[in-house]
Number of protein chains: 2
Amino acid sequence: MAERISDAEHAVMEVLWDEAPLSAQDVAERIPPERDWSANTVKTLLGRLLAKNIIGHEEDGRRYLYRPLVARGDYVEGESRRLMDRLFGGKLTPLVAHLAERDALTNEDIAEIEALLKGLKS
Amino acid sequence: MAERISDAEHAVMEVLWDEAPLSAQDVAERIPPERDWSANTVKTLLGRLLAKNIIGHEEDGRRYLYRPLVARGDYVEGESRRLMDRLFGGKLTPLVAHLAERDALTNEDIAEIEALLKGLKS
DNA sequence: GGCTATTGACTACAGATGTAATCATGACGA
DNA sequence: TCGTCATGATTACATCTGTAGTCAATAGCC
């Protein structure tokens with residue numbers, strides 16, 4: 001399990017995380033237009049996601065309605081952790097340090113994170 | 001440019017970022033043993049990285065010495081930003097929020113990040 | 001009842017990736 | 001000088017990915 005989700009598949013997942021269940025056509029219509037995919041491409045991706053058990057489907061007349069089986073939070077969690085593990089030795093602090101340094105953070109951003117951290121302190 | 005670095009290639013890059021220049025054999029010896037790669041595999045990966053202009057090589061007698069042409073920081077930067085863009089709308093705060101919530105941060109971790117942020121405040 | 005449009009299933013196909021074997025060449029020791 | 005070994009180059013090959021075309025079933029329209 002925990003099959004990887006490719007980049008193109010991810011675009012489909014974002015649609016389904018935003019709204020589900022949806023038919024294949026609904027999904028295709030909601031894919032960001034800059035992708036410029038044919039409806040067939042979307043159907044292929046839905047098929048692959050089904051095969052990986054990342055989405056499920058239920059019959060609705062002659063078509064299917066698709067819905068995610070994996071929560072976005074879990075996916076995001078896994079990807080974030082992968083990155084942290086690969087590039088920052090699994091530590092969050094260096095990741096934040098790195099991004100904060102390069103990304104001109106506004107004072108509001110900083111304040112927001114500080115507030116967040118305050119809330120977490122036990 | 002800015003060719004993508006695959007997962008396997010990344011393992012090679014980590015070796016070269018840690019120490020360079022190195023011969024193909026040196027690199028192979030330094031690959032984490034759990035990868036369990038043959039020397040040929042490493043040479044293939046070096047060849048692909050060369051083709052992508054991510055590493056360079058200089059002659060040293062009958063062999064080459066390889067060295068990175070891309071700084072680790074730049075790579076890390078790119079990958080981190082990709083993740084932020086894909087999953088967090090390009091914003092750092094939600095990323096930190098997400099990771100901080102799920103990752104049981106110790107009070108020391110929090111203090112460390114707070115200190116870091118304090119230093120950034122303009 | 002036959003034609004057409006929708007929808008999922010299957011097939012296609014090039015490029016990337018992971019993993020490696022084989023080939024060619026030159027250096028080096030016997 | 002001849003065979004052997006190290007080393008890079010070339011080739012191999014299965015799988016995954018991105019992108020889509022084609023086929024088959026079916027449901028509704030005329």
# chains A, B, ... in the order shown; residues from 1 in each chain; ligands from 1
call {"tool": "select_by_dssp", "arguments": {"residues": "range 2-89 of chain B", "states": "alpha helix (DSSP H)", "output": "ChimeraX atom specification"}}
result
/B:7-18,24-30,39-51,72-88
call {"tool": "write_last_selection", "arguments": {"atoms": "C-alpha atoms", "output": "tab-separated table (two decimals), in the first residue's frame"}}
result
chain	number	residue	atom	x	y	z
B	7	ASP	CA	15.69	9.57	-6.56
B	8	ALA	CA	18.54	7.26	-7.45
B	9	GLU	CA	20.51	10.12	-8.90
B	10	HIS	CA	19.98	12.04	-5.72
B	11	ALA	CA	21.80	9.37	-3.74
B	12	VAL	CA	24.81	9.90	-5.98
B	13	MET	CA	24.58	13.64	-5.57
B	14	GLU	CA	24.58	13.38	-1.80
B	15	VAL	CA	27.87	11.57	-2.01
B	16	LEU	CA	29.39	14.20	-4.25
B	17	TRP	CA	28.05	17.07	-2.21
B	18	ASP	CA	29.68	15.55	0.77
B	24	ALA	CA	33.36	6.58	-10.05
B	25	GLN	CA	34.70	3.93	-7.78
B	26	ASP	CA	34.98	6.31	-4.86
B	27	VAL	CA	31.39	7.30	-5.35
B	28	ALA	CA	30.25	3.70	-5.50
B	29	GLU	CA	32.03	2.95	-2.25
B	30	ARG	CA	30.35	5.82	-0.50
B	39	ALA	CA	29.36	-0.40	-9.52
B	40	ASN	CA	27.79	-0.34	-12.98
B	41	THR	CA	24.64	1.19	-11.65
B	42	VAL	CA	26.60	4.01	-10.12
B	43	LYS	CA	28.44	4.58	-13.38
B	44	THR	CA	25.18	4.75	-15.27
B	45	LEU	CA	23.84	7.31	-12.86
B	46	LEU	CA	27.01	9.36	-13.12
B	47	GLY	CA	26.62	9.27	-16.88
B	48	ARG	CA	23.06	10.48	-16.69
B	49	LEU	CA	23.95	13.26	-14.31
B	50	LEU	CA	26.74	14.29	-16.66
B	51	ALA	CA	24.34	14.34	-19.58
B	72	ARG	CA	23.15	21.38	-2.70
B	73	GLY	CA	21.49	24.49	-1.38
B	74	ASP	CA	20.05	25.31	-4.76
B	75	TYR	CA	18.71	21.82	-5.20
B	76	VAL	CA	17.21	21.76	-1.74
B	77	GLU	CA	15.72	25.13	-2.40
B	78	GLY	CA	14.07	23.98	-5.59
B	79	GLU	CA	12.66	20.81	-4.11
B	80	SER	CA	11.36	22.57	-1.05
B	81	ARG	CA	9.70	25.19	-3.12
B	82	ARG	CA	8.12	22.58	-5.36
B	83	LEU	CA	6.59	20.93	-2.36
B	84	MET	CA	5.36	24.19	-0.92
B	85	ASP	CA	3.86	25.18	-4.22
B	86	ARG	CA	2.18	21.87	-4.88
B	87	LEU	CA	0.78	21.23	-1.47
B	88	PHE	CA	0.63	24.47	0.40
call {"tool": "residues_around", "arguments": {"residues": "DC13 in chain D", "least_positions_apart": "6", "cutoff": "12 Å", "atoms": "only C-alpha atoms (C1' of nucleotides)", "output": "number ranges by chain"}}
result
C: 17-21
call {"tool": "interface_residues", "arguments": {"of": "chain A", "to": "chain B", "cutoff": "7 Å", "atoms": "only C-alpha atoms", "output": "PyMOL selection string"}}
result
chain A and resi 76+87+93+97+107+109-110+113-114+116-117+121
call {"tool": "closest_atom_pairs", "arguments": {"of": "chain C", "to": "chain A", "cutoff": "10 Å", "atoms": "only C-alpha atoms (C1' of nucleotides)", "output": "tab-separated table"}}
result
residue	atom	partner	partner_atom	distance
C:DT6	C1'	A:Arg62	CA	8.9
C:DT7	C1'	A:Arg63	CA	6.1
C:DG8	C1'	A:Arg63	CA	7.4
C:DA9	C1'	A:Gly47	CA	9.3
call {"tool": "interface_residues", "arguments": {"of": "chain D", "to": "chain B", "cutoff": "12 Å", "atoms": "only C-alpha atoms (C1' of nucleotides)", "output": "tab-separated table (two decimals) with C-alpha atoms (C1' of nucleotides), in the first residue's frame"}}
result
chain	number	residue	atom	x	y	z
D	6	DA	C1'	40.26	-1.15	-14.47
D	7	DT	C1'	37.43	2.17	-16.46
D	8	DG	C1'	34.29	4.62	-19.29
D	9	DA	C1'	30.85	3.81	-23.20
D	10	DT	C1'	27.15	1.40	-25.05
D	11	DT	C1'	23.29	-1.46	-24.77
call {"tool": "closest_residue", "arguments": {"among": "A:Ile5, A:Ile54, A:Ala71, A:Ile31", "to": "DC16 in chain D", "atoms": "only C-alpha atoms (C1' of nucleotides)"}}
result
A:Ile5
call {"tool": "select_by_dssp", "arguments": {"residues": "chain A", "states": "strand (DSSP E)", "output": "list in words"}}
result
Ile55, Gly56, His57, Glu58, Glu59, Asp60, Arg63, Tyr64, Leu65, Tyr66, Arg67 and Pro68 of chain A
call {"tool": "write_last_selection", "arguments": {"atoms": "N, CA and C atoms", "output": "PDB file, in the first residue's frame"}}
result
ATOM      1  N   ILE A  55      -8.102   5.867  -4.908  1.00  0.00           N
ATOM      2  CA  ILE A  55      -9.481   6.336  -4.964  1.00  0.00           C
ATOM      3  C   ILE A  55     -10.381   5.112  -5.075  1.00  0.00           C
ATOM      4  N   GLY A  56     -11.671   5.311  -4.836  1.00  0.00           N
ATOM      5  CA  GLY A  56     -12.638   4.241  -4.995  1.00  0.00           C
ATOM      6  C   GLY A  56     -13.726   4.728  -5.918  1.00  0.00           C
ATOM      7  N   HIS A  57     -14.608   3.812  -6.350  1.00  0.00           N
ATOM      8  CA  HIS A  57     -15.717   4.282  -7.175  1.00  0.00           C
ATOM      9  C   HIS A  57     -16.979   3.522  -6.831  1.00  0.00           C
ATOM     10  N   GLU A  58     -18.075   4.201  -7.079  1.00  0.00           N
ATOM     11  CA  GLU A  58     -19.364   3.576  -6.848  1.00  0.00           C
ATOM     12  C   GLU A  58     -20.160   3.763  -8.129  1.00  0.00           C
ATOM     13  N   GLU A  59     -21.002   2.791  -8.428  1.00  0.00           N
ATOM     14  CA  GLU A  59     -21.778   2.903  -9.658  1.00  0.00           C
ATOM     15  C   GLU A  59     -22.867   3.954  -9.510  1.00  0.00           C
ATOM     16  N   ASP A  60     -23.119   4.606 -10.610  1.00  0.00           N
ATOM     17  CA  ASP A  60     -24.198   5.581 -10.648  1.00  0.00           C
ATOM     18  C   ASP A  60     -24.779   5.488 -12.042  1.00  0.00           C
ATOM     19  N   ARG A  63     -22.367   5.014 -15.230  1.00  0.00           N
ATOM     20  CA  ARG A  63     -21.034   5.587 -15.020  1.00  0.00           C
ATOM     21  C   ARG A  63     -20.622   5.399 -13.569  1.00  0.00           C
ATOM     22  N   TYR A  64     -19.456   5.844 -13.262  1.00  0.00           N
ATOM     23  CA  TYR A  64     -18.960   5.744 -11.894  1.00  0.00           C
ATOM     24  C   TYR A  64     -18.820   7.115 -11.281  1.00  0.00           C
ATOM     25  N   LEU A  65     -18.922   7.124  -9.990  1.00  0.00           N
ATOM     26  CA  LEU A  65     -18.555   8.320  -9.237  1.00  0.00           C
ATOM     27  C   LEU A  65     -17.307   7.961  -8.435  1.00  0.00           C
ATOM     28  N   TYR A  66     -16.343   8.816  -8.513  1.00  0.00           N
ATOM     29  CA  TYR A  66     -15.059   8.564  -7.856  1.00  0.00           C
ATOM     30  C   TYR A  66     -14.922   9.392  -6.593  1.00  0.00           C
ATOM     31  N   ARG A  67     -14.231   8.820  -5.626  1.00  0.00           N
ATOM     32  CA  ARG A  67     -13.950   9.568  -4.402  1.00  0.00           C
ATOM     33  C   ARG A  67     -12.610   9.114  -3.839  1.00  0.00           C
ATOM     34  N   PRO A  68     -11.928  10.017  -3.160  1.00  0.00           N
ATOM     35  CA  PRO A  68     -10.624   9.663  -2.597  1.00  0.00           C
ATOM     36  C   PRO A  68     -10.762   8.633  -1.476  1.00  0.00           C
TER      37      PRO A  68
END
call {"tool": "atom_distance", "arguments": {"atom1": "C1' of DG21 in chain D", "atom2": "CA of Ala20 in chain A"}}
result
28.0 Å
call {"tool": "atom_distance", "arguments": {"atom1": "CA of Ser38 in chain B", "atom2": "C1' of DG26 in chain C"}}
result
23.2 Å
call {"tool": "atom_distance", "arguments": {"atom1": "CA of Val70 in chain A", "atom2": "CA of Glu34 in chain A"}}
result
25.4 Å
call {"tool": "residues_around", "arguments": {"residues": "DA12 in chain C", "least_positions_apart": "3", "cutoff": "12 Å", "atoms": "only C-alpha atoms (C1' of nucleotides)", "output": "short mmCIF file (atom, residue, chain, number, x, y, z; two decimals) with C-alpha atoms (C1' of nucleotides), in the first residue's frame"}}
result
data_model
loop_
_atom_site.label_atom_id
_atom_site.label_comp_id
_atom_site.auth_asym_id
_atom_site.auth_seq_id
_atom_site.Cartn_x
_atom_site.Cartn_y
_atom_site.Cartn_z
"C1'" DT D 19 -0.56 11.68 -22.91
"C1'" DA D 20 -3.91 9.89 -25.67
"C1'" DG D 21 -6.50 6.86 -29.34
"C1'" DT D 22 -9.61 2.96 -30.08
#
